[in-house]
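One file, coords-v2.txt, is given below (compact mmCIF, C-alpha atoms).
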```txt
# COMPACT_ATOMS: atom_id res chain seq x y z
CA MET A 726 2.64 -28.46 1.84
CA ASN A 727 3.50 -27.43 5.39
CA LEU A 728 3.82 -23.64 5.11
CA THR A 729 5.23 -23.33 8.62
CA ARG A 730 8.54 -24.58 7.19
CA LEU A 731 8.92 -21.12 5.68
CA LYS A 732 9.16 -19.44 9.07
CA PRO A 733 12.98 -19.78 9.41
CA TYR A 734 13.34 -17.97 6.10
CA LEU A 735 11.04 -15.09 7.00
CA PRO A 736 13.83 -12.65 7.99
CA SER A 737 15.45 -13.07 4.57
CA LEU A 738 12.11 -12.81 2.82
CA PHE A 739 11.27 -9.67 4.75
CA PHE A 740 14.65 -8.17 3.85
CA VAL A 741 14.10 -8.79 0.14
CA LEU A 742 10.55 -7.48 0.41
CA ALA A 743 11.77 -4.36 2.21
CA LEU A 744 14.31 -3.68 -0.54
CA CYS A 745 11.63 -4.05 -3.21
CA VAL A 746 9.30 -1.71 -1.35
CA LEU A 747 12.11 0.81 -0.85
CA VAL A 748 12.89 0.83 -4.56
CA LEU A 749 9.22 1.26 -5.44
CA SER A 750 8.80 4.01 -2.85
CA LEU A 751 11.76 5.97 -4.22
CA TRP A 752 10.68 5.40 -7.80
CA ARG A 753 7.01 6.36 -7.35
CA PRO A 754 6.50 8.02 -3.93
CA HIS A 755 3.01 9.33 -4.76
CA ALA A 756 0.02 8.28 -6.82
CA GLY A 757 -1.26 10.61 -9.49
CA HIS A 758 -3.83 13.31 -8.81
CA HIS A 759 -6.83 14.49 -10.81
CA ARG A 760 -8.16 17.27 -8.63
CA MET A 761 -11.53 18.80 -9.40
CA GLU A 762 -11.43 22.52 -10.11
CA GLU A 763 -14.11 24.59 -8.40
CA GLY A 764 -15.72 25.56 -11.68
CA ASP A 765 -16.05 21.93 -12.78
CA PHE A 766 -18.64 21.21 -10.08
CA PRO A 767 -21.23 19.80 -10.44
CA ASN A 768 -20.71 17.06 -12.98
CA GLU A 769 -21.79 13.45 -13.62
CA TYR A 770 -18.95 12.11 -11.46
CA VAL A 771 -19.39 14.55 -8.58
CA PRO A 772 -23.06 15.58 -8.72
CA ALA A 773 -24.77 18.21 -6.63
CA VAL A 774 -27.24 16.90 -4.06
CA THR A 775 -30.04 19.13 -2.84
CA TRP A 776 -33.52 18.89 -1.37
CA PRO A 777 -36.99 20.14 -2.38
CA LEU A 778 -36.95 23.96 -2.48
CA GLY A 779 -33.28 23.81 -1.52
CA TYR A 780 -30.07 24.93 -3.21
CA PHE A 781 -26.60 23.89 -4.20
CA GLU A 782 -23.46 25.99 -4.54
CA VAL A 783 -21.43 26.71 -7.67
CA ALA A 784 -18.27 28.68 -8.43
CA PRO A 785 -18.53 32.44 -9.11
CA GLU A 786 -17.45 31.84 -12.72
CA ILE A 787 -20.71 29.96 -13.40
CA GLU A 788 -23.13 32.67 -14.49
CA ASN A 789 -26.20 30.70 -15.54
CA VAL A 790 -27.62 27.26 -14.81
CA TRP A 791 -30.33 25.30 -16.60
CA ILE A 792 -32.04 22.36 -14.90
CA ASP A 793 -33.77 20.06 -17.39
CA ASN A 794 -33.38 22.90 -19.91
CA VAL A 795 -35.26 25.33 -17.64
CA PRO A 796 -33.36 28.41 -16.35
CA ALA A 797 -32.64 28.22 -12.62
CA ARG A 798 -32.30 31.10 -10.16
CA VAL A 799 -28.65 31.80 -9.30
CA GLU A 800 -27.96 34.20 -6.42
CA ASN A 801 -24.58 34.75 -4.76
CA GLY A 802 -23.23 31.38 -5.87
CA ARG A 803 -26.34 29.45 -4.86
CA VAL A 804 -28.57 27.70 -7.38
CA TRP A 805 -32.12 27.46 -6.02
CA VAL A 806 -34.24 24.44 -6.79
CA ASP A 807 -37.95 25.02 -7.38
CA ASN A 808 -40.66 22.44 -8.11
CA LEU A 809 -38.34 19.55 -8.96
CA THR A 810 -39.22 15.91 -8.47
CA ILE A 811 -37.12 13.68 -6.26
CA GLY A 812 -34.41 11.98 -8.29
CA TRP A 813 -31.94 12.81 -11.05
CA HIS A 814 -31.93 15.91 -13.26
CA GLN A 815 -29.91 17.20 -16.19
CA LEU A 816 -27.73 20.30 -15.87
CA LYS A 817 -26.25 22.86 -18.22
CA VAL A 818 -24.11 25.80 -17.12
CA ARG A 819 -22.72 28.94 -18.71
CA ARG A 820 -19.07 29.52 -17.87
CA GLY A 821 -17.58 32.48 -19.65
CA ASP A 822 -18.52 32.36 -23.33
CA SER A 823 -19.39 28.67 -23.40
CA ILE A 824 -22.40 26.63 -22.39
CA GLU A 825 -21.41 23.25 -20.92
CA ASP A 826 -23.68 20.22 -20.79
CA ARG A 827 -22.92 18.62 -17.44
CA GLY A 828 -25.32 15.71 -18.00
CA ARG A 829 -27.02 13.97 -15.08
CA ALA A 830 -25.34 16.11 -12.43
CA LEU A 831 -28.11 17.00 -9.97
CA TYR A 832 -29.92 14.76 -7.51
CA VAL A 833 -32.85 15.87 -5.37
CA THR A 834 -33.14 13.82 -2.18
CA PRO A 835 -36.21 13.58 0.07
CA PHE A 836 -33.97 14.41 3.05
CA GLY A 837 -33.54 17.92 4.39
CA PRO A 838 -29.98 19.11 5.15
CA ASP A 839 -30.57 19.30 8.91
CA ASN A 840 -31.59 15.63 9.30
CA PHE A 841 -30.21 12.99 6.94
CA PHE A 842 -28.08 9.88 6.85
CA TRP A 843 -25.46 8.71 4.38
CA VAL A 844 -23.39 5.58 3.74
CA PHE A 845 -19.67 4.87 3.39
CA VAL A 846 -18.86 1.57 1.65
CA THR A 847 -15.35 0.45 0.79
CA ASP A 848 -13.00 -2.35 -0.28
CA VAL A 849 -15.33 -4.12 -2.68
CA HIS A 850 -12.39 -5.92 -4.37
CA ILE A 851 -14.07 -7.30 -7.46
CA ALA A 852 -11.78 -10.03 -8.83
CA ARG A 853 -11.56 -11.07 -12.46
CA PHE A 854 -12.84 -14.55 -11.64
CA GLY A 855 -15.31 -16.12 -9.23
CA LYS A 856 -18.99 -15.37 -8.62
CA TYR A 857 -19.33 -15.31 -4.85
CA LEU A 858 -17.67 -11.93 -4.15
CA ARG A 859 -19.65 -10.32 -6.94
CA GLU A 860 -22.87 -11.70 -5.49
CA VAL A 861 -21.96 -10.34 -2.06
CA ALA A 862 -21.16 -6.91 -3.54
CA GLU A 863 -24.35 -6.85 -5.59
CA ASN A 864 -26.44 -7.80 -2.56
CA GLY A 865 -24.66 -5.14 -0.52
CA PHE A 866 -25.49 -2.37 -2.99
CA LYS A 867 -29.08 -3.60 -3.27
CA LEU A 868 -29.41 -3.38 0.52
CA ILE A 869 -27.89 0.11 0.60
CA ASN A 870 -30.36 1.23 -2.05
CA GLU A 871 -33.25 -0.27 -0.07
CA ILE A 872 -32.11 1.46 3.13
CA GLY A 873 -32.34 4.73 1.21
CA PRO A 874 -29.56 7.11 2.35
CA ALA A 875 -29.25 10.60 0.90
CA PHE A 876 -26.04 9.58 -0.93
CA VAL A 877 -23.16 7.10 -0.79
CA PHE A 878 -19.36 7.40 -0.74
CA CYS A 879 -17.22 4.51 -1.95
CA GLY A 880 -13.80 4.49 -0.29
CA GLY A 881 -11.70 2.69 -2.86
CA ASP A 882 -10.22 -0.72 -3.66
CA VAL A 883 -13.18 -1.60 -5.83
CA THR A 884 -10.84 -3.89 -7.80
CA ASP A 885 -7.88 -6.16 -7.07
CA TYR A 886 -5.57 -4.96 -9.86
CA ALA A 887 -7.47 -2.20 -11.71
CA LEU A 888 -8.16 -4.49 -14.66
CA ASP A 889 -10.93 -3.58 -17.10
CA SER A 890 -12.77 -6.82 -16.35
CA GLU A 891 -12.72 -5.97 -12.63
CA TYR A 892 -14.04 -2.46 -13.23
CA GLU A 893 -16.78 -3.90 -15.45
CA GLY A 894 -17.72 -6.29 -12.66
CA PHE A 895 -17.91 -3.43 -10.16
CA LEU A 896 -20.11 -1.36 -12.47
CA LYS A 897 -22.52 -4.29 -12.78
CA CYS A 898 -22.58 -4.76 -8.99
CA ARG A 899 -23.38 -1.13 -8.31
CA LYS A 900 -26.01 -0.94 -11.07
CA SER A 901 -28.86 -1.39 -8.59
CA LEU A 902 -27.86 1.76 -6.70
CA GLU A 903 -30.16 4.59 -7.78
CA LEU A 904 -28.52 7.15 -5.49
CA PRO A 905 -25.48 9.41 -5.94
CA LEU A 906 -22.26 7.41 -5.55
CA TYR A 907 -19.08 9.41 -4.94
CA MET A 908 -15.93 7.46 -5.77
CA ILE A 909 -12.53 7.58 -4.02
CA PRO A 910 -9.54 5.54 -5.31
CA GLY A 911 -7.73 2.94 -3.20
CA ASN A 912 -4.21 1.55 -3.30
CA HIS A 913 -5.30 -1.47 -5.39
CA GLU A 914 -6.37 0.93 -8.13
CA THR A 915 -2.71 2.06 -8.44
CA TYR A 916 -1.18 -1.38 -9.07
CA ILE A 917 -1.22 -1.03 -12.86
CA ASP A 918 -2.45 2.56 -12.96
CA PRO A 919 -0.13 4.56 -10.63
CA ASP A 920 -1.13 7.89 -12.18
CA LEU A 921 -4.81 6.94 -11.81
CA ASP A 922 -5.47 8.07 -15.38
CA HIS A 923 -7.73 5.11 -16.15
CA TRP A 924 -9.52 5.62 -12.82
CA SER A 925 -10.18 9.25 -13.72
CA GLU A 926 -11.54 8.30 -17.14
CA MET A 927 -14.10 6.03 -15.47
CA PHE A 928 -14.93 7.81 -12.20
CA GLY A 929 -13.77 11.40 -12.53
CA PRO A 930 -11.56 13.30 -10.08
CA THR A 931 -9.47 11.62 -7.41
CA ASP A 932 -9.71 14.64 -5.10
CA TYR A 933 -12.79 16.84 -4.65
CA SER A 934 -15.16 18.38 -2.15
CA VAL A 935 -18.94 18.55 -2.08
CA LYS A 936 -21.51 20.11 0.23
CA PHE A 937 -25.02 19.13 1.25
CA GLY A 938 -26.44 22.21 2.92
CA ASP A 939 -23.86 23.10 5.56
CA ALA A 940 -22.30 19.63 5.68
CA LEU A 941 -18.90 19.56 3.95
CA PHE A 942 -17.32 16.39 2.56
CA VAL A 943 -13.68 16.47 1.40
CA ALA A 944 -12.44 13.38 -0.47
CA ALA A 945 -8.66 13.15 -0.87
CA ASN A 946 -6.08 10.86 -2.44
CA VAL A 947 -2.97 10.37 -0.28
CA LEU A 948 -2.03 7.03 -1.82
CA GLY A 949 1.41 5.61 -2.48
CA PRO A 950 1.35 3.37 -5.56
CA TYR A 951 1.91 -0.38 -5.31
CA ARG A 952 1.73 -0.47 -1.50
CA SER A 953 -0.50 -0.31 1.55
CA TRP A 954 0.55 3.10 2.81
CA GLY A 955 1.02 6.59 1.44
CA GLY A 956 1.46 10.15 2.59
CA ALA A 957 0.53 13.77 2.08
CA THR A 958 2.91 16.04 0.16
CA ARG A 959 3.08 19.79 0.71
CA GLU A 960 0.82 20.24 -2.31
CA ASP A 961 -1.63 17.67 -0.92
CA LEU A 962 -1.72 19.42 2.45
CA GLU A 963 -2.33 22.81 0.86
CA TRP A 964 -5.22 21.40 -1.18
CA ILE A 965 -6.75 19.62 1.84
CA ASP A 966 -6.30 22.77 3.94
CA ASN A 967 -8.06 24.92 1.33
CA GLN A 968 -10.96 22.50 0.95
CA LEU A 969 -11.54 21.88 4.67
CA SER A 970 -11.40 25.65 5.25
CA ARG A 971 -14.65 26.05 3.31
CA ASP A 972 -17.69 27.09 5.31
CA GLY A 973 -19.48 24.20 6.98
CA LYS A 974 -21.16 23.39 10.27
CA ILE A 975 -19.98 19.78 10.17
CA LYS A 976 -17.00 18.52 8.17
CA PHE A 977 -15.91 15.06 7.02
CA PHE A 978 -12.49 14.06 5.67
CA LEU A 979 -12.81 10.97 3.47
CA ASN A 980 -9.95 8.88 2.14
CA HIS A 981 -8.98 5.25 1.57
CA LEU A 982 -5.99 4.98 3.90
CA PRO A 983 -6.38 5.11 7.71
CA VAL A 984 -5.21 8.46 9.07
CA VAL A 985 -5.28 7.32 12.70
CA TYR A 986 -6.30 3.91 14.01
CA SER A 987 -5.70 1.81 17.10
CA GLN A 988 -5.96 -1.81 15.96
CA THR A 989 -2.89 -3.94 15.33
CA THR A 990 -1.78 -5.29 11.95
CA ILE A 991 1.46 -6.85 10.76
CA TYR A 992 2.59 -3.41 9.58
CA THR A 993 2.66 -2.02 13.11
CA ILE A 994 6.12 -3.51 13.58
CA PHE A 995 7.38 -0.60 11.45
CA PRO A 996 8.01 2.74 13.25
CA LEU A 997 6.81 4.56 10.14
CA ILE A 998 3.31 3.25 10.87
CA ASN A 999 3.40 2.70 14.64
CA ARG A 1000 3.51 6.15 16.26
CA GLY A 1001 3.08 4.92 19.82
CA GLU A 1002 -0.31 6.38 20.71
CA TYR A 1003 -1.76 5.48 17.33
CA ASN A 1004 -1.04 3.78 14.00
CA THR A 1005 -1.26 5.46 10.62
CA CYS A 1006 -1.05 4.56 6.93
CA VAL A 1007 -0.59 8.22 5.97
CA CYS A 1008 3.10 8.10 6.79
CA ARG A 1009 4.26 11.48 5.46
CA GLY A 1010 2.74 14.79 6.49
CA THR A 1011 0.87 13.04 9.30
CA GLU A 1012 1.23 15.73 11.95
CA GLU A 1013 0.47 18.52 9.48
CA LEU A 1014 -2.68 16.68 8.37
CA LEU A 1015 -3.75 16.11 11.98
CA GLU A 1016 -3.27 19.81 12.69
CA ILE A 1017 -5.67 20.67 9.83
CA LEU A 1018 -8.20 18.13 11.10
CA ARG A 1019 -7.92 19.56 14.63
CA ARG A 1020 -8.40 23.12 13.47
CA GLU A 1021 -11.49 22.25 11.43
CA ASN A 1022 -12.77 19.61 13.90
CA ALA A 1023 -13.19 17.28 10.92
CA ILE A 1024 -14.43 13.71 11.27
CA SER A 1025 -12.27 11.18 9.37
CA VAL A 1026 -13.72 8.14 7.60
CA PHE A 1027 -11.62 5.52 5.77
CA GLY A 1028 -11.33 1.82 4.93
CA HIS A 1029 -8.35 -0.27 3.77
CA TRP A 1030 -7.86 -2.89 6.51
CA HIS A 1031 -11.14 -4.80 5.83
CA VAL A 1032 -11.67 -6.20 9.31
CA PHE A 1033 -11.86 -3.20 11.65
CA ASP A 1034 -15.09 -1.37 12.42
CA GLU A 1035 -14.55 0.43 15.74
CA PRO A 1036 -14.24 4.23 15.98
CA PHE A 1037 -11.12 5.69 17.55
CA VAL A 1038 -10.78 8.99 19.39
CA TYR A 1039 -7.42 10.75 19.33
CA GLU A 1040 -6.96 14.28 20.67
CA ASN A 1041 -10.75 14.76 20.62
CA LEU A 1042 -10.93 13.86 16.93
CA LEU A 1043 -13.14 11.05 15.61
CA PHE A 1044 -11.73 8.42 13.23
CA PHE A 1045 -13.99 5.76 11.71
CA HIS A 1046 -12.55 2.55 10.23
CA VAL A 1047 -15.06 1.01 7.82
CA PRO A 1048 -14.92 -2.76 7.13
CA SER A 1049 -14.81 -4.18 3.62
CA LEU A 1050 -17.98 -5.01 1.73
CA THR A 1051 -16.69 -8.37 0.49
CA PRO A 1052 -14.85 -11.08 2.47
CA ASN A 1053 -11.93 -11.10 0.08
CA SER A 1054 -9.12 -11.19 2.64
CA LYS A 1055 -8.52 -13.34 5.68
CA GLY A 1056 -5.71 -11.25 7.08
CA GLY A 1057 -2.83 -12.52 4.99
CA LEU A 1058 -0.42 -15.41 4.80
CA ILE A 1059 2.34 -13.48 6.55
CA ARG A 1060 0.18 -12.86 9.60
CA TRP A 1061 -0.63 -16.57 9.80
CA LEU A 1062 3.00 -17.62 9.44
CA LEU A 1063 3.94 -15.32 12.30
CA GLY A 1064 1.55 -17.15 14.56
CA GLY A 1065 -1.53 -14.96 14.30
CA GLY A 1066 -4.98 -16.17 13.43
CA MET A 1067 -6.60 -15.77 10.06
CA MET A 1068 -8.83 -12.70 10.38
CA ALA A 1069 -12.31 -12.63 8.90
CA GLY A 1070 -13.55 -9.58 7.05
CA GLY A 1071 -16.22 -8.26 4.78
CA TYR A 1072 -20.01 -7.99 4.58
CA GLY A 1073 -20.02 -4.46 6.00
CA PHE A 1074 -20.49 -0.73 5.46
CA TYR A 1075 -21.17 2.25 7.73
CA ILE A 1076 -24.22 4.47 8.20
CA PHE A 1077 -23.74 8.02 9.47
CA ARG A 1078 -26.63 10.27 10.53
CA VAL A 1079 -26.40 14.06 10.84
CA GLU A 1080 -29.03 15.97 12.84
CA ASN A 1081 -28.79 19.73 13.29
CA TRP A 1082 -25.19 19.54 12.05
CA LYS A 1083 -24.11 17.03 14.68
CA LEU A 1084 -23.19 13.39 14.17
CA THR A 1085 -25.86 11.47 16.07
CA TYR A 1086 -25.49 7.96 14.64
CA ALA A 1087 -22.48 6.03 13.34
CA HIS A 1088 -22.61 2.23 13.19
CA PRO A 1089 -21.32 -0.58 10.96
CA ILE A 1090 -23.97 -2.61 9.17
CA ASP A 1091 -23.40 -6.29 8.47
CA ILE A 1092 -25.41 -7.25 5.39
CA ARG A 1093 -25.91 -10.73 6.85
CA LYS A 1094 -27.64 -9.23 9.89
CA LEU A 1095 -30.18 -7.02 8.12
CA GLU A 1096 -32.96 -8.33 5.90
CA ILE A 1097 -35.82 -6.32 4.36
CA VAL A 1098 -38.56 -8.30 2.61
CA ARG A 1099 -41.58 -6.70 0.94
CA GLU A 1100 -44.81 -8.65 0.48
CA LYS A 1101 -47.89 -7.45 -1.36
CA ALA A 1102 -50.84 -8.25 0.89
CA SER A 1103 -53.46 -6.67 -1.39
CA ASP A 1104 -53.77 -3.99 -4.07
CA SER A 1105 -53.59 -1.31 -1.38
CA VAL A 1106 -51.40 -2.88 1.31
CA VAL A 1107 -47.71 -3.82 1.37
CA VAL A 1108 -46.22 -5.63 4.36
CA VAL A 1109 -42.50 -5.15 5.00
CA ARG A 1110 -40.77 -7.65 7.28
CA ILE A 1111 -37.45 -6.47 8.73
CA ARG A 1112 -34.94 -8.65 10.53
CA ASN A 1113 -32.28 -6.66 12.37
CA ASP A 1114 -29.72 -8.80 14.20
CA HIS A 1115 -27.55 -5.86 15.20
CA PRO A 1116 -27.54 -4.81 18.87
CA TYR A 1117 -28.64 -1.32 17.82
CA PRO A 1118 -31.39 0.15 15.61
CA VAL A 1119 -30.81 0.78 11.90
CA PRO A 1120 -32.22 3.90 10.20
CA LEU A 1121 -34.40 3.20 7.17
CA ASN A 1122 -35.87 5.42 4.47
CA LEU A 1123 -38.03 3.02 2.45
CA LYS A 1124 -39.35 4.23 -0.90
CA PHE A 1125 -42.85 3.44 -2.21
CA ASP A 1126 -44.08 4.53 -5.64
CA PHE A 1127 -47.44 5.66 -4.29
CA ARG A 1128 -48.81 7.96 -1.60
CA CYS A 1129 -49.06 6.02 1.60
CA GLY A 1130 -49.39 5.84 5.34
CA ALA A 1131 -47.52 3.33 7.51
CA SER A 1132 -47.73 1.73 10.91
CA ILE A 1133 -45.97 -0.74 13.20
CA ASP A 1134 -48.23 -2.65 15.58
CA GLY A 1135 -50.97 -0.09 14.91
CA LYS A 1136 -48.75 2.89 15.75
CA PRO A 1137 -48.19 5.40 12.93
CA VAL A 1138 -44.72 5.75 11.38
CA SER A 1139 -43.34 8.89 9.76
CA CYS A 1140 -44.02 9.23 6.03
CA VAL A 1141 -42.62 11.87 3.69
CA THR A 1142 -44.51 12.35 0.42
CA TYR A 1143 -43.55 14.31 -2.69
CA GLY A 1144 -45.94 14.07 -5.60
CA GLN A 1145 -47.10 10.47 -5.90
CA VAL A 1146 -44.06 8.94 -4.14
CA SER A 1147 -43.62 8.34 -0.41
CA TRP A 1148 -40.73 7.44 1.89
CA VAL A 1149 -41.35 5.66 5.17
CA ARG A 1150 -38.72 6.77 7.66
CA PHE A 1151 -37.97 5.10 10.99
CA ASP A 1152 -35.29 3.29 12.99
CA ALA A 1153 -35.71 -0.49 12.78
CA PRO A 1154 -35.09 -1.89 16.28
CA SER A 1155 -33.18 -5.07 17.01
CA GLY A 1156 -35.20 -8.19 16.30
CA LEU A 1157 -38.17 -8.68 13.96
CA THR A 1158 -40.36 -5.78 12.85
CA THR A 1159 -43.48 -5.85 10.68
CA LEU A 1160 -44.28 -2.62 8.87
CA THR A 1161 -47.70 -2.20 7.28
CA VAL A 1162 -47.90 0.29 4.40
CA ARG A 1163 -51.30 1.37 3.03
CA ARG A 1164 -51.97 3.23 -0.19
CA ILE A 1165 -53.94 6.46 0.35
```
Turn this file's structure into structure tokens for me.
Amino acid sequence: MNLTRLKPYLPSLFFVLALCVLVLSLWRPHAGHHRMEEGDFPNEYVPAVTWPLGYFEVAPEIENVWIDNVPARVENGRVWVDNLTIGWHQLKVRRGDSIEDRGRALYVTPFGPDNFFWVFVTDVHIARFGKYLREVAENGFKLINEIGPAFVFCGGDVTDYALDSEYEGFLKCRKSLELPLYMIPGNHETYIDPDLDHWSEMFGPTDYSVKFGDALFVAANVLGPYRSWGGATREDLEWIDNQLSRDGKIKFFLNHLPVVYSQTTIYTIFPLINRGEYNTCVCRGTEELLEILRRENAISVFGHWHVFDEPFVYENLLFFHVPSLTPNSKGGLIRWLLGGGMMAGGYGFYIFRVENWKLTYAHPIDIRKLEIVREKASDSVVVVRIRNDHPYPVPLNLKFDFRCGASIDGKPVSCVTYGQVSWVRFDAPSGLTTLTVRRI
């Protein structure tokens, strides 16, 4: 079938499509919200992350905290962590007259709060059929776990249509990730779940904030159901304003839809999205949201368009567009019919590094261009071969279940050891690198 024959009918098709979208927009202008109350943090969906001898913050209404059934020291809203192993821990809290079992709601990372890196992965799009995309997603999460960030945010669209089988596939793909994974819904999650009730049952709140030391992360839902754009209501803006106003030396605003971006898509023919100096998919409350971001100097991170990975600066604000993890979309039939090329996407995520409360590293990682292979050379030596085809170094925090020292070409590499576990931490340069790890 020659699809180009459809081009003369495109104006009529667009008109019908516009009417359908208008009806849907008027019927359901906003997706549902499940905002996390301050006293509900931490929990299994939004865990606290801290560091050895560090702390995490809780609401004033939480009077007592037990970590692995041992009473913790709570002072002025800070819960201090003493003598805990790296990894997951169980929490209980006393709020009012009740004691609440929060489950596995605390993670201790080997990173300190003044020098760490984290990952943003998005648009996994697990379909109900086919193996290839699931294999790509599974390999992507395995690589993220091997890289060893402090924690991971997932920016939404983990499914195509929010079907149970798709969610089950996503859960299997992410199973290899041993680190905290904070979930944010995408527009595809609203297709049969516009109120995001099923999403909330599986992944917790749609809107929340979390801190790691003095780094603040605010995750928000500004989705419009059934479509590729949304907006911020007055209530949304008030919530975002309150959360971003929290104390923090560096602040991130995380969401599925692009707040500000420069690249062109088919949707930029619409004035609602094309604002001249920039494009946006947050089509209502845009200027009010930008004013909040300006005031707080917040860095925005989002996904949605699959194929873009370049940062954009607008009015001295940073906006990062993260590519999709799986190559599920080639840019769309409509774009091709209009004469554009089929865009490639997928295989990517972003690494962000914070040092002394400043963003010092932000690069997309293509899972096809980074390979980490471990080989046991002897009972006391492990050789790690790293292939980095990116034009920039990639930070690594490799875990070994024994005390060790490490070197590259005879030169020592930084090792962090807690108990009987070590992490080898360095930036893998472009090209091939051989890391030698010796048990001590």
Inset, instruction - Point out the residue among A:Lys974, A:Thr1161, A:Ala852, A:His1029 with the least atom-to-atom distance to Val1138 of chain A, counting all atoms listed in the file. - result: A:Thr1161
Legend entry - Separation of atom CA of Val799 of chain A from atom CA of Gly828 of chain A, in Å and rounded to one decimal: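 Result for atom CA of Val799 of chain A versus atom CA of Gly828 of chain A: 18.6 Å, one decimal.
Neighbours of Phe781 of chain A closer than or equal to 10 Å, with only C-alpha atoms counted and sequence neighbours fewer than 4 positions away skipped, come out as Pro767, Ala773, Val774, Thr775, Trp776, Val799, Gly802, Arg803, Val804, Trp805, Val806, Leu831, Val935, Lys936, Phe937 and Gly938 of chain A.
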Legend entry - Nearest to Ala940 of chain A, chosen from A:Thr1159, A:Ser823, A:Asn789, A:Asn1081, with all atoms listed in the file counted in the distances: A:Asn1081
Report as a Markdown table: every residue of segment 979-1057 of chain A with an atom at most 10 Å from segment 862-879 of chain A, its closest pair of atoms, and their distance in Å to one decimal, counting all atoms listed in the file, with rows sorted by chain and ascending residue number.
```
| residue | atom | partner | partner_atom | distance |
| --- | --- | --- | --- | --- |
| A:Leu979 | CA | A:Phe878 | CA | 8.6 |
| A:Asn980 | CA | A:Cys879 | CA | 9.4 |
| A:His981 | CA | A:Cys879 | CA | 9.0 |
| A:Phe1027 | CA | A:Cys879 | CA | 9.6 |
| A:Gly1028 | CA | A:Cys879 | CA | 9.4 |
| A:Ser1049 | CA | A:Ala862 | CA | 10.0 |
| A:Leu1050 | CA | A:Ala862 | CA | 6.4 |
| A:Thr1051 | CA | A:Ala862 | CA | 6.2 |
| A:Pro1052 | CA | A:Ala862 | CA | 9.7 |
```
Identify, on the basis of all atoms listed in the file, every residue whose closest approach to Glu960 of chain A does not exceed 12 Å; exclude the query and any residue fewer than 5 positions from it along the same chain; express the result as a PDB file with C-alpha atoms, keeping the file's coordinate frame.
```pdb
ATOM      1  CA  HIS A 755       3.010   9.330  -4.760  1.00  0.00           C
ATOM      2  CA  HIS A 758      -3.830  13.310  -8.810  1.00  0.00           C
ATOM      3  CA  ARG A 760      -8.160  17.270  -8.630  1.00  0.00           C
ATOM      4  CA  ALA A 945      -8.660  13.150  -0.870  1.00  0.00           C
ATOM      5  CA  ASN A 946      -6.080  10.860  -2.440  1.00  0.00           C
ATOM      6  CA  VAL A 947      -2.970  10.370  -0.280  1.00  0.00           C
ATOM      7  CA  ILE A 965      -6.750  19.620   1.840  1.00  0.00           C
ATOM      8  CA  ASP A 966      -6.300  22.770   3.940  1.00  0.00           C
ATOM      9  CA  ASN A 967      -8.060  24.920   1.330  1.00  0.00           C
ATOM     10  CA  GLY A1010       2.740  14.790   6.490  1.00  0.00           C
ATOM     11  CA  GLU A1013       0.470  18.520   9.480  1.00  0.00           C
ATOM     12  CA  LEU A1014      -2.680  16.680   8.370  1.00  0.00           C
TER      13      LEU A1014
END
```
Legend entry - d(atom CA of Met927 of chain A, atom CA of Asp765 of chain A) in Å: 16.2 Å
Legend entry - Pick from A:His1046, A:Lys1101, A:His814, A:Arg1019, whichever lies nearest to Thr1005 of chain A using all atoms listed in the file: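 Smallest distance to Thr1005 of chain A is found for A:His1046.
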Inset, instruction - For atom CA of Tyr857 of chain A and atom CA of Tyr1072 of chain A, quote the distance in Å rounded to one decimal. - result: 12.0 Å
Legend entry - For Pro910 of chain A, the nearest of the candidates A:Leu778, A:Gly757, A:Ile1017, A:Ser987, counting all atoms listed in the file: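 Looking only at the distances to Pro910 of chain A, the closest residue turns out to be A:Gly757.
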Can you pull out the residues contacting Ser1155 of chain A? Cut-off 8 Å, using all atoms listed in the file, and skip same-chain residues under 2 positions away; I want them as a short mmCIF file (atom, residue, chain, number, x, y, z; two decimals) with C-alpha atoms, in the frame of the given file.
```cif
data_model
loop_
_atom_site.label_atom_id
_atom_site.label_comp_id
_atom_site.auth_asym_id
_atom_site.auth_seq_id
_atom_site.Cartn_x
_atom_site.Cartn_y
_atom_site.Cartn_z
CA ARG A 1112 -34.94 -8.65 10.53
CA ASN A 1113 -32.28 -6.66 12.37
CA ASP A 1114 -29.72 -8.80 14.20
CA HIS A 1115 -27.55 -5.86 15.20
CA PRO A 1116 -27.54 -4.81 18.87
CA TYR A 1117 -28.64 -1.32 17.82
CA PRO A 1118 -31.39 0.15 15.61
CA ALA A 1153 -35.71 -0.49 12.78
CA LEU A 1157 -38.17 -8.68 13.96
#
```
Inset, instruction - Excluding Asn912 of chain A and residues on its chain fewer than 5 positions from it, collect all residues at most 8 Å away from it, counting all atoms listed in the file, and give them as a list in words. - result: Gly881, Asp882, Leu948, Gly949, Pro950, Tyr951, Arg952, Ser953, Trp954 and His981 of chain A
I need the residues from that last selection saved to file as a PDB file, in the frame of the given file (with C-alpha atoms), if you can.
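Okay, this is what ended up in again13.pdb:
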```
ATOM      1  CA  GLY A 881     -11.700   2.690  -2.860  1.00  0.00           C
ATOM      2  CA  ASP A 882     -10.220  -0.720  -3.660  1.00  0.00           C
ATOM      3  CA  LEU A 948      -2.030   7.030  -1.820  1.00  0.00           C
ATOM      4  CA  GLY A 949       1.410   5.610  -2.480  1.00  0.00           C
ATOM      5  CA  PRO A 950       1.350   3.370  -5.560  1.00  0.00           C
ATOM      6  CA  TYR A 951       1.910  -0.380  -5.310  1.00  0.00           C
ATOM      7  CA  ARG A 952       1.730  -0.470  -1.500  1.00  0.00           C
ATOM      8  CA  SER A 953      -0.500  -0.310   1.550  1.00  0.00           C
ATOM      9  CA  TRP A 954       0.550   3.100   2.810  1.00  0.00           C
ATOM     10  CA  HIS A 981      -8.980   5.250   1.570  1.00  0.00           C
TER      11      HIS A 981
END
```
